[in-house]
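Here's entry15.tsv, which has TSV, C-alpha atoms:
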chain	number	residue	atom	x	y	z
D	1	MET	CA	-31.24	-7.82	-36.06
D	2	ASN	CA	-30.29	-5.13	-33.56
D	3	SER	CA	-33.61	-5.13	-31.70
D	4	LEU	CA	-33.71	-8.95	-31.69
D	5	LEU	CA	-30.26	-9.17	-30.08
D	6	LEU	CA	-31.15	-6.63	-27.38
D	7	ASP	CA	-34.44	-8.41	-26.59
D	8	LEU	CA	-32.50	-11.68	-26.36
D	9	ALA	CA	-30.06	-10.01	-23.95
D	10	LEU	CA	-32.91	-8.85	-21.67
D	11	LEU	CA	-34.48	-12.33	-21.77
D	12	LEU	CA	-31.13	-13.93	-20.87
D	13	MET	CA	-30.75	-11.54	-17.93
D	14	VAL	CA	-34.18	-12.60	-16.65
D	15	PHE	CA	-33.22	-16.27	-16.89
D	16	ALA	CA	-29.84	-15.54	-15.28
D	17	MET	CA	-31.72	-14.38	-12.18
D	18	ILE	CA	-32.91	-17.95	-11.45
D	19	PRO	CA	-29.54	-19.51	-10.32
D	20	CYS	CA	-28.90	-16.51	-8.06
D	21	VAL	CA	-32.23	-16.93	-6.28
D	22	TYR	CA	-31.68	-20.70	-6.03
D	23	ARG	CA	-28.21	-20.23	-4.51
D	24	THR	CA	-29.47	-17.49	-2.18
D	25	ILE	CA	-32.17	-19.76	-0.79
D	26	LYS	CA	-30.28	-23.08	-0.71
D	27	GLY	CA	-26.63	-22.05	-0.26
D	28	PRO	CA	-25.12	-23.96	2.68
D	29	THR	CA	-23.03	-21.13	4.18
D	30	ILE	CA	-23.27	-17.36	4.57
D	31	PRO	CA	-20.58	-16.49	1.94
D	32	ASP	CA	-22.56	-18.51	-0.63
D	33	ARG	CA	-25.53	-16.24	-0.09
D	34	VAL	CA	-23.36	-13.11	-0.18
D	35	ILE	CA	-21.76	-13.97	-3.52
D	36	ALA	CA	-25.16	-14.97	-4.93
D	37	VAL	CA	-26.66	-11.60	-4.01
D	38	ASP	CA	-23.56	-9.85	-5.41
D	39	ALA	CA	-23.93	-11.70	-8.71
D	40	MET	CA	-27.64	-10.90	-8.80
D	41	THR	CA	-26.88	-7.19	-8.35
D	42	THR	CA	-24.38	-7.33	-11.21
D	43	VAL	CA	-26.99	-8.99	-13.42
D	44	ILE	CA	-29.50	-6.25	-12.52
D	45	VAL	CA	-26.88	-3.59	-13.38
D	46	VAL	CA	-26.31	-5.17	-16.81
D	47	MET	CA	-30.08	-5.41	-17.34
D	48	LEU	CA	-30.49	-1.72	-16.47
D	49	GLY	CA	-27.75	-0.80	-18.95
D	50	VAL	CA	-29.34	-2.71	-21.81
D	51	TYR	CA	-32.79	-1.36	-20.89
D	52	SER	CA	-31.42	2.18	-20.87
D	53	PHE	CA	-30.15	1.67	-24.42
D	54	VAL	CA	-33.47	0.13	-25.53
D	55	GLN	CA	-35.55	2.96	-24.06
D	56	GLY	CA	-33.14	5.69	-25.18
D	57	SER	CA	-33.12	7.24	-21.71
D	58	VAL	CA	-30.04	8.20	-19.67
D	59	PHE	CA	-31.63	7.92	-16.22
D	60	PHE	CA	-31.53	4.13	-15.97
D	61	MET	CA	-27.73	4.34	-16.26
D	62	ASP	CA	-27.64	6.52	-13.10
D	63	VAL	CA	-29.66	3.84	-11.32
D	64	ALA	CA	-27.14	1.22	-12.49
D	65	LEU	CA	-24.18	3.28	-11.17
D	66	VAL	CA	-25.77	3.82	-7.74
D	67	LEU	CA	-26.77	0.15	-7.49
D	68	SER	CA	-23.22	-1.02	-8.27
D	69	ILE	CA	-21.77	1.29	-5.61
D	70	ILE	CA	-24.28	0.06	-3.00
D	71	SER	CA	-23.50	-3.57	-3.91
D	72	PHE	CA	-19.75	-3.06	-3.45
D	73	VAL	CA	-20.16	-1.32	-0.09
D	74	GLY	CA	-22.56	-4.02	1.13
D	75	THR	CA	-20.24	-6.86	0.16
D	76	VAL	CA	-17.25	-5.23	1.87
D	77	THR	CA	-19.32	-4.59	5.00
D	78	ILE	CA	-20.58	-8.17	5.26
D	79	SER	CA	-17.10	-9.60	4.68
D	80	LYS	CA	-15.63	-7.38	7.41
D	81	TYR	CA	-18.42	-8.46	9.74
D	82	LEU	CA	-17.75	-12.14	9.01
D	83	ASP	CA	-14.00	-11.69	9.43
D	84	GLU	CA	-13.71	-9.61	12.58
D	85	GLY	CA	-17.16	-9.63	14.20
D	86	VAL	CA	-17.54	-5.85	14.02
D	87	VAL	CA	-18.47	-3.64	11.10
D	88	LEU	CA	-16.27	-0.60	11.64
J	89	MET	CA	-19.22	8.23	-42.31
J	90	SER	CA	-21.84	5.53	-42.68
J	91	ASP	CA	-19.11	2.93	-43.11
J	92	ILE	CA	-17.57	3.76	-39.72
J	93	SER	CA	-21.01	3.70	-38.08
J	94	ASN	CA	-21.71	0.25	-39.51
J	95	VAL	CA	-18.34	-1.07	-38.37
J	96	LEU	CA	-18.92	0.24	-34.83
J	97	GLU	CA	-22.41	-1.30	-34.81
J	98	ILE	CA	-21.08	-4.75	-35.80
J	99	LEU	CA	-18.20	-4.48	-33.31
J	100	GLY	CA	-20.66	-3.55	-30.56
J	101	ASN	CA	-22.82	-6.57	-31.40
J	102	ILE	CA	-19.78	-8.87	-31.20
J	103	VAL	CA	-18.70	-7.47	-27.80
J	104	LEU	CA	-22.31	-7.75	-26.56
J	105	ILE	CA	-22.45	-11.43	-27.56
J	106	ILE	CA	-19.12	-12.07	-25.77
J	107	GLY	CA	-20.45	-10.39	-22.61
J	108	LEU	CA	-23.67	-12.42	-22.71
J	109	ILE	CA	-21.67	-15.65	-23.11
J	110	PHE	CA	-19.63	-14.77	-20.01
J	111	VAL	CA	-22.79	-14.00	-18.01
J	112	SER	CA	-24.27	-17.38	-19.02
J	113	LEU	CA	-21.10	-19.26	-18.07
J	114	GLY	CA	-20.93	-17.48	-14.71
J	115	MET	CA	-24.52	-18.41	-13.93
J	116	LEU	CA	-23.85	-22.04	-14.91
J	117	GLY	CA	-20.86	-22.04	-12.57
J	118	LEU	CA	-22.90	-20.53	-9.73
J	119	LEU	CA	-25.46	-23.30	-10.18
J	120	ARG	CA	-23.16	-26.30	-10.58
J	121	LEU	CA	-19.75	-25.87	-8.92
J	122	PRO	CA	-19.18	-27.64	-5.58
J	123	ASP	CA	-17.54	-25.04	-3.33
J	124	VAL	CA	-17.74	-21.41	-2.19
J	125	TYR	CA	-14.34	-20.59	-3.67
J	126	ASN	CA	-15.09	-22.26	-7.01
J	127	ARG	CA	-18.43	-20.47	-7.25
J	128	MET	CA	-16.72	-17.16	-6.47
J	129	HIS	CA	-14.18	-17.89	-9.22
J	130	ALA	CA	-17.09	-18.24	-11.66
J	131	THR	CA	-19.20	-15.29	-10.54
J	132	THR	CA	-16.35	-12.77	-10.60
J	133	LYS	CA	-16.26	-13.24	-14.37
J	134	ILE	CA	-19.78	-11.78	-14.54
J	135	GLY	CA	-18.60	-8.60	-12.85
J	136	THR	CA	-15.45	-8.11	-14.89
J	137	LEU	CA	-15.77	-9.51	-18.39
J	138	GLY	CA	-19.55	-9.85	-18.71
J	139	ALA	CA	-20.67	-6.46	-17.38
J	140	PHE	CA	-17.70	-4.61	-18.85
J	141	GLY	CA	-18.36	-6.22	-22.25
J	142	VAL	CA	-22.01	-5.21	-22.28
J	143	MET	CA	-21.23	-1.65	-21.16
J	144	LEU	CA	-18.43	-1.38	-23.76
J	145	SER	CA	-20.86	-2.52	-26.45
J	146	ILE	CA	-23.30	0.23	-25.42
J	147	LEU	CA	-20.43	2.75	-25.65
J	148	LEU	CA	-19.56	1.46	-29.14
J	149	LYS	CA	-23.18	1.69	-30.25
J	150	VAL	CA	-23.99	5.22	-29.04
J	151	GLY	CA	-20.55	6.91	-29.13
J	152	PHE	CA	-19.46	9.58	-26.66
J	153	THR	CA	-22.93	10.78	-25.74
J	154	PRO	CA	-23.93	11.08	-22.03
J	155	MET	CA	-25.30	7.53	-22.11
J	156	GLY	CA	-22.05	6.17	-23.51
J	157	VAL	CA	-19.86	7.96	-20.98
J	158	LYS	CA	-22.06	6.75	-18.11
J	159	ALA	CA	-21.92	3.21	-19.47
J	160	LEU	CA	-18.11	3.40	-19.57
J	161	THR	CA	-18.12	4.70	-15.98
J	162	VAL	CA	-20.29	1.81	-14.74
J	163	GLY	CA	-18.13	-0.71	-16.62
J	164	LEU	CA	-14.85	0.64	-15.25
J	165	PHE	CA	-16.27	0.76	-11.71
J	166	LEU	CA	-17.36	-2.88	-11.91
J	167	LEU	CA	-14.02	-3.85	-13.47
J	168	LEU	CA	-12.19	-2.26	-10.52
J	169	THR	CA	-14.41	-3.34	-7.62
J	170	ALA	CA	-15.51	-6.89	-8.48
J	171	PRO	CA	-12.04	-8.47	-7.81
J	172	ILE	CA	-11.70	-6.49	-4.56
J	173	ALA	CA	-15.10	-7.66	-3.30
J	174	ALA	CA	-14.36	-11.26	-4.31
J	175	HIS	CA	-10.99	-11.18	-2.56
J	176	MET	CA	-12.47	-9.79	0.65
J	177	ILE	CA	-15.36	-12.25	0.81
J	178	GLY	CA	-13.04	-15.17	0.02
J	179	ARG	CA	-10.66	-14.20	2.82
J	180	ALA	CA	-13.58	-13.72	5.23
J	181	ALA	CA	-15.02	-17.12	4.28
J	182	HIS	CA	-11.69	-18.86	4.83
J	183	ARG	CA	-11.14	-17.23	8.20
J	184	HIS	CA	-14.79	-17.85	9.15
J	185	GLY	CA	-14.12	-21.57	8.78
J	186	VAL	CA	-15.80	-22.60	5.52
J	187	LYS	CA	-14.31	-25.93	4.41
J	188	LEU	CA	-12.88	-26.55	0.94
J	189	CYS	CA	-14.49	-29.24	-1.21
J	190	LYS	CA	-13.28	-32.84	-1.06
J	191	GLU	CA	-11.38	-32.73	-4.37
J	192	SER	CA	-9.04	-29.93	-3.21
J	193	ILE	CA	-5.41	-30.96	-2.99
J	194	ILE	CA	-3.70	-27.92	-1.42
J	195	ASP	CA	-4.60	-25.16	1.06
J	196	GLU	CA	-1.63	-22.85	1.46
J	197	TYR	CA	-3.51	-19.98	3.13
J	198	GLY	CA	-4.78	-22.32	5.84
J	199	LYS	CA	-1.22	-23.45	6.58
J	200	SER	CA	0.06	-19.89	6.69
J	201	TYR	CA	-1.86	-18.65	9.74
J	202	LYS	CA	-2.27	-21.82	11.75

Output the file's structure as structure tokens, nothing else.
Amino acid sequence: MNSLLLDLALLLMVFAMIPCVYRTIKGPTIPDRVIAVDAMTTVIVVMLGVYSFVQGSVFFMDVALVLSIISFVGTVTISKYLDEGVVL
Amino acid sequence: MSDISNVLEILGNIVLIIGLIFVSLGMLGLLRLPDVYNRMHATTKIGTLGAFGVMLSILLKVGFTPMGVKALTVGLFLLLTAPIAAHMIGRAAHRHGVKLCKESIIDEYGKSYK
């Protein structure tokens, strides 16, 4: 039961990657692509958390923490660039 | 002792299923909704409820081991920063000139700075 649910979670994360890639390629404006990449990073973070529990290893959780921080900083940077035309 | 462990296991499975349901609904919204702002409304739920639910279920399954504490840290970080990122990109999109969809009936932020 436990292993089946975790495998199902990993499979759902893989299928949840498809709308993000579709919206990143097709999205009509730049903010569409930004929020699609942000959602894809969140899905990868969730996948790394579940995979860390499945493997029994702590190190994938460090990768998830660093990836979430990089995603937040990237989104804030792109939104400041769209808003004001400069980054800093 | 074994009773409490079983209860935490079942509770973790329930929270994991809730998180997976929110991730699925957010992806459906990203695929189908008509507008940048509507899509952002859907995908912020992945960052807050979906990711925090999955990380909380990992914490409930393993307890306060290093993996559980790191999972709680990742969940709380996403719970704090996903609304901030969505707010900033929504404001930037509106000021950049992205139009609302045709079914919108009110645009108070557009009236406020014009």

- Using all atoms listed in the file, which chain J residues lie at most 6 Å away from chain D, written as a list in words?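 That gives the following set of residues: Leu119, Val124, Ala139, Met155, Val162, Ile177 and Ala180 of chain J.
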
- Record the distance separating atom CA of Phe165 of chain J and atom CA of Leu118 of chain J, expressed in Å with one decimal.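 So the answer is 22.4 Å.
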
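Within 12 Å of Asn94 of chain J, once all atoms listed in the file are used and residues closer than 6 positions along the same chain are dropped, the contacting residues are Asn2 of chain D; Gly100, Asn101, Leu148, Lys149 and Val150 of chain J.
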
- Determine, counting only C-alpha atoms, which protein, DNA and RNA residues have an atom within 9 Å of an atom of segment 187-193 of chain J; residues of the same chain fewer than 3 positions away are not included. Present the result as a ChimeraX atom specification. /J:122-125,181-182

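For the residues J:Val103, J:Ile172, J:Leu167, J:Ala159, ranking by smallest atom-to-atom distance to Tyr51 of chain D using only C-alpha atoms places J:Ala159 first.
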
- Query: Expressed in Å to a single decimal, how great is the separation between atom CA of Arg179 of chain J and atom CA of Thr132 of chain J?
  - Reply: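 Separation between atom CA of Arg179 of chain J and atom CA of Thr132 of chain J: 14.6 Å.
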